[in-house]
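Enquirer: Enclosed is the structure file protein28.cif (mmCIF, C-alpha atoms and all ligand atoms).
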```cif
data_structure
loop_
_atom_site.group_PDB
_atom_site.id
_atom_site.type_symbol
_atom_site.label_atom_id
_atom_site.label_comp_id
_atom_site.auth_asym_id
_atom_site.auth_seq_id
_atom_site.Cartn_x
_atom_site.Cartn_y
_atom_site.Cartn_z
ATOM 1 C CA MET A 1087 141.252 147.006 90.637
ATOM 2 C CA ALA A 1088 139.621 147.009 94.087
ATOM 3 C CA GLY A 1089 142.114 147.358 96.934
ATOM 4 C CA GLY A 1090 144.959 146.882 94.533
ATOM 5 C CA LEU A 1091 144.347 143.149 94.449
ATOM 6 C CA THR A 1092 144.711 141.151 91.275
ATOM 7 C CA LYS A 1093 141.772 139.130 89.991
ATOM 8 C CA VAL A 1094 143.578 135.997 91.175
ATOM 9 C CA GLN A 1095 144.037 137.415 94.688
ATOM 10 C CA GLN A 1096 140.396 138.491 94.819
ATOM 11 C CA ARG A 1097 139.341 134.999 93.789
ATOM 12 C CA LEU A 1098 141.547 133.415 96.432
ATOM 13 C CA ARG A 1099 140.148 135.721 99.097
ATOM 14 C CA LEU A 1100 136.634 134.843 98.003
ATOM 15 C CA ALA A 1101 137.471 131.119 98.071
ATOM 16 C CA ILE A 1102 138.796 131.490 101.627
ATOM 17 C CA LYS A 1103 135.623 133.350 102.648
ATOM 18 C CA ILE A 1104 133.483 130.602 101.140
ATOM 19 C CA GLU A 1105 135.479 127.986 103.056
ATOM 20 C CA ALA A 1106 135.158 129.998 106.286
ATOM 21 C CA HIS A 1107 131.450 130.816 106.058
ATOM 22 C CA GLY A 1108 130.028 128.177 103.736
ATOM 23 C CA PHE A 1109 128.874 124.658 104.354
ATOM 24 C CA LEU A 1110 129.818 121.233 103.082
ATOM 25 C CA ASN A 1111 128.038 120.500 99.820
ATOM 26 C CA MET A 1112 126.316 117.140 100.333
ATOM 27 C CA ALA A 1113 126.319 116.641 96.571
ATOM 28 C CA PRO A 1114 129.813 117.769 95.528
ATOM 29 C CA CYS A 1115 130.149 119.511 92.185
ATOM 30 C CA PRO A 1116 131.670 117.546 89.249
ATOM 31 C CA GLN A 1117 134.951 119.469 89.584
ATOM 32 C CA CYS A 1118 135.312 118.462 93.222
ATOM 33 C CA VAL A 1119 134.263 114.902 92.489
ATOM 34 C CA SER A 1120 136.897 114.575 89.733
ATOM 35 C CA SER A 1121 139.640 116.224 91.808
ATOM 36 C CA ASN A 1122 138.460 114.458 94.969
ATOM 37 C CA SER A 1123 138.243 117.811 96.781
ATOM 38 C CA ILE A 1124 136.012 118.888 99.644
ATOM 39 C CA CYS A 1125 133.226 120.923 98.033
ATOM 40 C CA ILE A 1126 132.316 123.938 100.179
ATOM 41 C CA VAL A 1127 129.451 126.139 99.007
ATOM 42 C CA ARG A 1128 128.008 129.295 100.446
ATOM 43 C CA GLU A 1129 124.635 130.922 99.960
ATOM 44 C CA GLY A 1130 124.986 133.827 97.518
ATOM 45 C CA ASN A 1131 128.068 132.377 95.768
ATOM 46 C CA VAL A 1132 127.432 130.560 92.509
ATOM 47 C CA ARG A 1133 130.700 128.588 92.625
ATOM 48 C CA CYS A 1134 132.110 126.328 95.312
ATOM 49 C CA SER A 1135 135.383 127.292 96.988
ATOM 50 C CA VAL A 1136 137.441 124.902 94.837
ATOM 51 C CA CYS A 1137 135.973 126.134 91.546
ATOM 52 C CA THR A 1138 136.340 129.742 92.702
ATOM 53 C CA ARG A 1139 140.004 129.065 93.472
ATOM 54 C CA LYS A 1140 140.525 127.297 90.132
ATOM 55 C CA ASN A 1141 138.366 129.858 88.292
ATOM 56 C CA VAL A 1142 136.424 127.139 86.525
ATOM 57 C CA LYS A 1143 132.732 126.630 85.890
ATOM 58 C CA CYS A 1144 131.186 124.963 88.939
ATOM 59 C CA GLY A 1145 128.055 123.527 87.389
ATOM 60 C CA SER A 1146 124.648 123.505 88.958
ATOM 61 C CA THR A 1147 125.656 121.823 92.192
ATOM 62 C CA PHE A 1148 125.043 124.858 94.349
ATOM 63 C CA SER A 1149 121.474 125.089 93.181
ATOM 64 C CA ASP A 1150 121.236 121.387 94.030
ATOM 65 C CA ALA A 1151 122.483 122.127 97.521
ATOM 66 C CA GLU A 1152 120.071 125.039 97.778
ATOM 67 C CA TYR A 1153 117.283 122.816 96.550
ATOM 68 C CA ASP A 1154 118.208 120.137 99.076
ATOM 69 C CA SER A 1155 118.262 122.704 101.861
ATOM 70 C CA VAL A 1156 114.797 123.955 100.892
ATOM 71 C CA GLU A 1157 113.686 120.347 100.684
ATOM 72 C CA ALA A 1158 114.957 119.745 104.212
ATOM 73 C CA GLN A 1159 113.009 122.771 105.452
ATOM 74 C CA LYS A 1160 109.904 121.416 103.749
ATOM 75 C CA ARG A 1161 110.424 118.037 105.386
ATOM 76 C CA GLU A 1162 110.678 119.688 108.792
ATOM 77 C CA LEU A 1163 107.549 121.779 108.216
ATOM 78 C CA LYS A 1164 105.635 118.734 107.012
ATOM 79 C CA ALA A 1165 106.670 116.830 110.121
ATOM 80 C CA ARG A 1166 105.465 119.733 112.265
ATOM 81 C CA ARG A 1167 102.220 119.841 110.312
ATOM 82 C CA ARG A 1168 101.730 116.122 110.940
ATOM 83 C CA ALA A 1169 102.367 116.595 114.660
ATOM 84 C CA ILE A 1170 99.910 119.507 114.860
ATOM 85 C CA GLN A 1171 97.284 117.576 112.903
ATOM 86 C CA ALA A 1172 97.682 114.651 115.289
ATOM 87 C CA GLN A 1173 97.293 116.993 118.265
ATOM 88 C CA LEU A 1174 94.238 118.599 116.673
ATOM 89 C CA ALA A 1175 92.672 115.191 116.093
ATOM 90 C CA SER A 1176 93.248 114.150 119.686
ATOM 91 C CA LEU A 1177 91.930 117.486 120.947
ATOM 92 C CA ALA A 1178 88.875 117.179 118.711
ATOM 93 C CA GLN A 1179 88.218 113.731 120.199
ATOM 94 C CA GLN A 1180 88.074 115.283 123.665
ATOM 95 C CA LEU A 1181 85.363 117.761 122.650
ATOM 96 C CA PRO A 1182 82.335 115.386 122.628
ATOM 97 C CA SER A 1183 83.240 114.067 126.085
ATOM 98 C CA ILE A 1184 83.509 117.621 127.436
ATOM 99 C CA GLU A 1185 80.148 118.504 125.823
ATOM 100 C CA GLN A 1186 78.621 115.418 127.468
ATOM 101 C CA GLN A 1187 80.013 116.339 130.872
ATOM 102 C CA LEU A 1188 78.701 119.905 130.479
ATOM 103 C CA ASP A 1189 75.255 118.596 129.552
ATOM 104 C CA ARG A 1190 75.296 116.292 132.566
ATOM 105 C CA LEU A 1191 76.260 119.168 134.883
ATOM 106 C CA ASP A 1192 73.548 121.348 133.333
ATOM 107 C CA ASP A 1193 71.006 118.591 134.037
ATOM 108 C CA LYS A 1194 72.332 118.287 137.576
ATOM 109 C CA GLN A 1195 71.850 122.022 138.151
ATOM 110 C CA LYS A 1196 68.347 121.896 136.653
ATOM 111 C CA LYS A 1197 67.421 119.054 138.984
ATOM 112 C CA MET A 1198 68.857 120.969 141.950
ATOM 113 C CA VAL A 1199 66.771 124.029 141.027
ATOM 114 C CA ASP A 1200 63.678 121.819 140.456
ATOM 115 C CA ARG A 1201 64.129 120.218 143.872
ATOM 116 C CA GLU A 1202 64.592 123.627 145.518
ATOM 117 C CA SER A 1203 61.402 124.877 143.834
ATOM 118 C CA ASP A 1204 59.569 121.768 144.996
ATOM 119 C CA VAL A 1205 60.760 122.257 148.561
ATOM 120 C CA LEU A 1206 59.850 125.959 148.491
ATOM 121 C CA GLY A 1207 56.471 125.117 147.002
ATOM 122 C CA GLU A 1208 55.814 122.539 149.739
ATOM 123 C CA LEU A 1209 56.889 124.973 152.429
ATOM 124 C CA GLU A 1210 54.588 127.677 151.034
ATOM 125 C CA ASN A 1211 51.688 125.223 150.880
ATOM 126 C CA PHE A 1212 52.526 123.987 154.317
ATOM 127 C CA SER A 1213 52.768 127.418 155.964
ATOM 128 C CA ALA A 1214 49.725 128.729 154.086
ATOM 129 C CA GLY A 1215 47.517 125.723 154.855
ATOM 130 C CA ASP A 1216 48.659 125.036 158.390
ATOM 131 C CA SER A 1217 49.343 128.518 159.745
ATOM 132 C CA VAL A 1218 46.194 128.576 161.818
ATOM 133 C CA ALA A 1219 46.717 125.049 163.049
ATOM 134 C CA MET A 1220 50.321 125.839 163.841
ATOM 135 C CA MET A 1221 49.320 128.942 165.816
ATOM 136 C CA SER A 1222 46.736 127.009 167.719
ATOM 137 C CA ASN A 1223 49.267 124.235 168.201
ATOM 138 C CA THR A 1224 51.750 126.738 169.557
ATOM 139 C CA SER A 1225 49.256 128.246 171.950
ATOM 140 C CA ALA A 1226 48.183 124.794 173.015
ATOM 141 C CA PHE A 1227 51.854 123.949 173.611
ATOM 142 C CA ASP A 1228 52.267 127.161 175.594
ATOM 143 C CA ASP A 1229 49.251 126.205 177.658
ATOM 144 C CA VAL A 1230 50.792 122.877 178.450
ATOM 145 C CA VAL A 1231 54.104 124.427 179.515
ATOM 146 C CA ASP A 1232 52.401 127.033 181.631
HETATM 147 ZN ZN ZN A 1301 132.935 121.888 94.442
HETATM 148 ZN ZN ZN A 1302 132.513 123.596 92.098
#
```
Can you give me the file's structure in the form of structure tokens?
Expert:
Amino acid sequence: MAGGLTKVQQRLRLAIKIEAHGFLNMAPCPQCVSSNSICIVREGNVRCSVCTRKNVKCGSTFSDAEYDSVEAQKRELKARRRAIQAQLASLAQQLPSIEQQLDRLDDKQKKMVDRESDVLGELENFSAGDSVAMMSNTSAFDDVVD
């Protein structure tokens, strides 16, 4: 016998551990319902603290509690999934507007470059066509000043 404890003592110790580290079973086992006891279950223990203490069959309530706890986790994950999907949808809605703005800015840049080319082209034409006239103008201007 481990630690010199009787089976009864071991059971009592286990029941106390379950009460200390377990959680309140939201769906109390039939034993606890009939004895109007507080049903404490703990992950890894098949019986609630009361049934462990009484050394009676607990029934499938723990698996119910486990199932409920998994169900609660699923609910939470589904809620998070919904929130993320909503965020994704709203983010996706912003994409076309951003694409539009980018296109508009691209156009703006193209027009700026076009205008610059036009101006450069005009300047080149101007300086090429009027260089002689300009030089003669300048000398004529110099003549006037002198
Ligand atoms: Zn119980
Ligand atoms: Zn029980």
Enquirer: What does the distance from atom CA of Lys1103 of chain A to atom CA of Val1156 of chain A come to in Å, to one decimal?
Expert: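 Those two atoms sit 22.9 Å apart.
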Enquirer: Using all atoms listed in the file, pick whichever of A:Leu1098, A:Cys1134, A:Val1119, A:Leu1110 has the shortest atom-to-atom distance to ligand ZN 1302 (chain A).
Expert: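 Answer, going by the shortest atom-to-atom distance: A:Cys1134.
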Enquirer: Between A:Cys1137, A:Val1094, A:Leu1100, A:Ser1183, which residue has the minimum interatomic distance to ligand ZN 1302 (chain A), considering all atoms listed in the file?
Expert: A:Cys1137
Enquirer: Nearest residue to ligand ZN 1301 (chain A) out of A:Ser1135, A:Ser1120, A:Gln1187, A:Gln1171, using only C-alpha atoms and all ligand atoms?
Expert: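 Among the listed residues, the smallest separation from ligand ZN 1301 (chain A) belongs to A:Ser1135.
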Enquirer: Taking the file as shown, what set of residues would the PyMOL selection byres (((not hetatm)) within 9 of (chain A and resi 1302)) give back, as a list of chain:residue names?
Expert: A:Pro1114, A:Cys1115, A:Pro1116, A:Gln1117, A:Cys1118, A:Val1119, A:Cys1125, A:Ile1126, A:Val1127, A:Val1132, A:Arg1133, A:Cys1134, A:Ser1135, A:Val1136, A:Cys1137, A:Thr1138, A:Val1142, A:Lys1143, A:Cys1144, A:Gly1145, A:Ser1146, A:Thr1147, A:Phe1148
Enquirer: Measuring atom to atom with all atoms listed in the file, identify which of A:Gln1186, A:Ser1155, A:Asn1131, A:Asn1211 is nearest to ligand ZN 1301 (chain A).
Expert: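 Counting all atoms listed in the file, the residue closest to ligand ZN 1301 (chain A) is A:Asn1131.
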Enquirer: Considering all atoms listed in the file, state which residue in the set A:Gln1159, A:Ser1176, A:Asn1122, A:Gln1195 is at the smallest distance from ligand ZN 1301 (chain A).
Expert: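 Going through A:Gln1159, A:Ser1176, A:Asn1122, A:Gln1195 one by one, the smallest distance to ligand ZN 1301 (chain A) is for A:Asn1122.
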Enquirer: Just the number, please: distance in Å from atom CA of Glu1129 of chain A to atom CA of Asn1111 of chain A, one decimal.
Expert: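 If I compute the distance from atom CA of Glu1129 of chain A to atom CA of Asn1111 of chain A, I get 11.0 Å.
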Enquirer: For atom CA of Ala1158 of chain A and atom CA of Arg1128 of chain A, quote the distance in Å rounded to one decimal.
Expert: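 That distance, rounded to one decimal, is 16.6 Å.
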Enquirer: Taking only C-alpha atoms and all ligand atoms into account, which of A:Ser1203, A:Thr1092, A:Gln1173, A:Ser1121 comes nearest ligand ZN 1301 (chain A)?
Expert: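 Looking at the shortest contact to ligand ZN 1301 (chain A), the residue is A:Ser1121.
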Enquirer: Could the centre and edge lengths of an axis-aligned box, enclosing all atoms of segment 1194-1212 of chain A in the file with 8 Å extra on each side, be given in Å to one decimal as AutoDock Vina command-line options?
Expert:
```
--center_x 62.0 --center_y 123.0 --center_z 145.5 --size_x 36.6 --size_y 25.4 --size_z 33.7
```
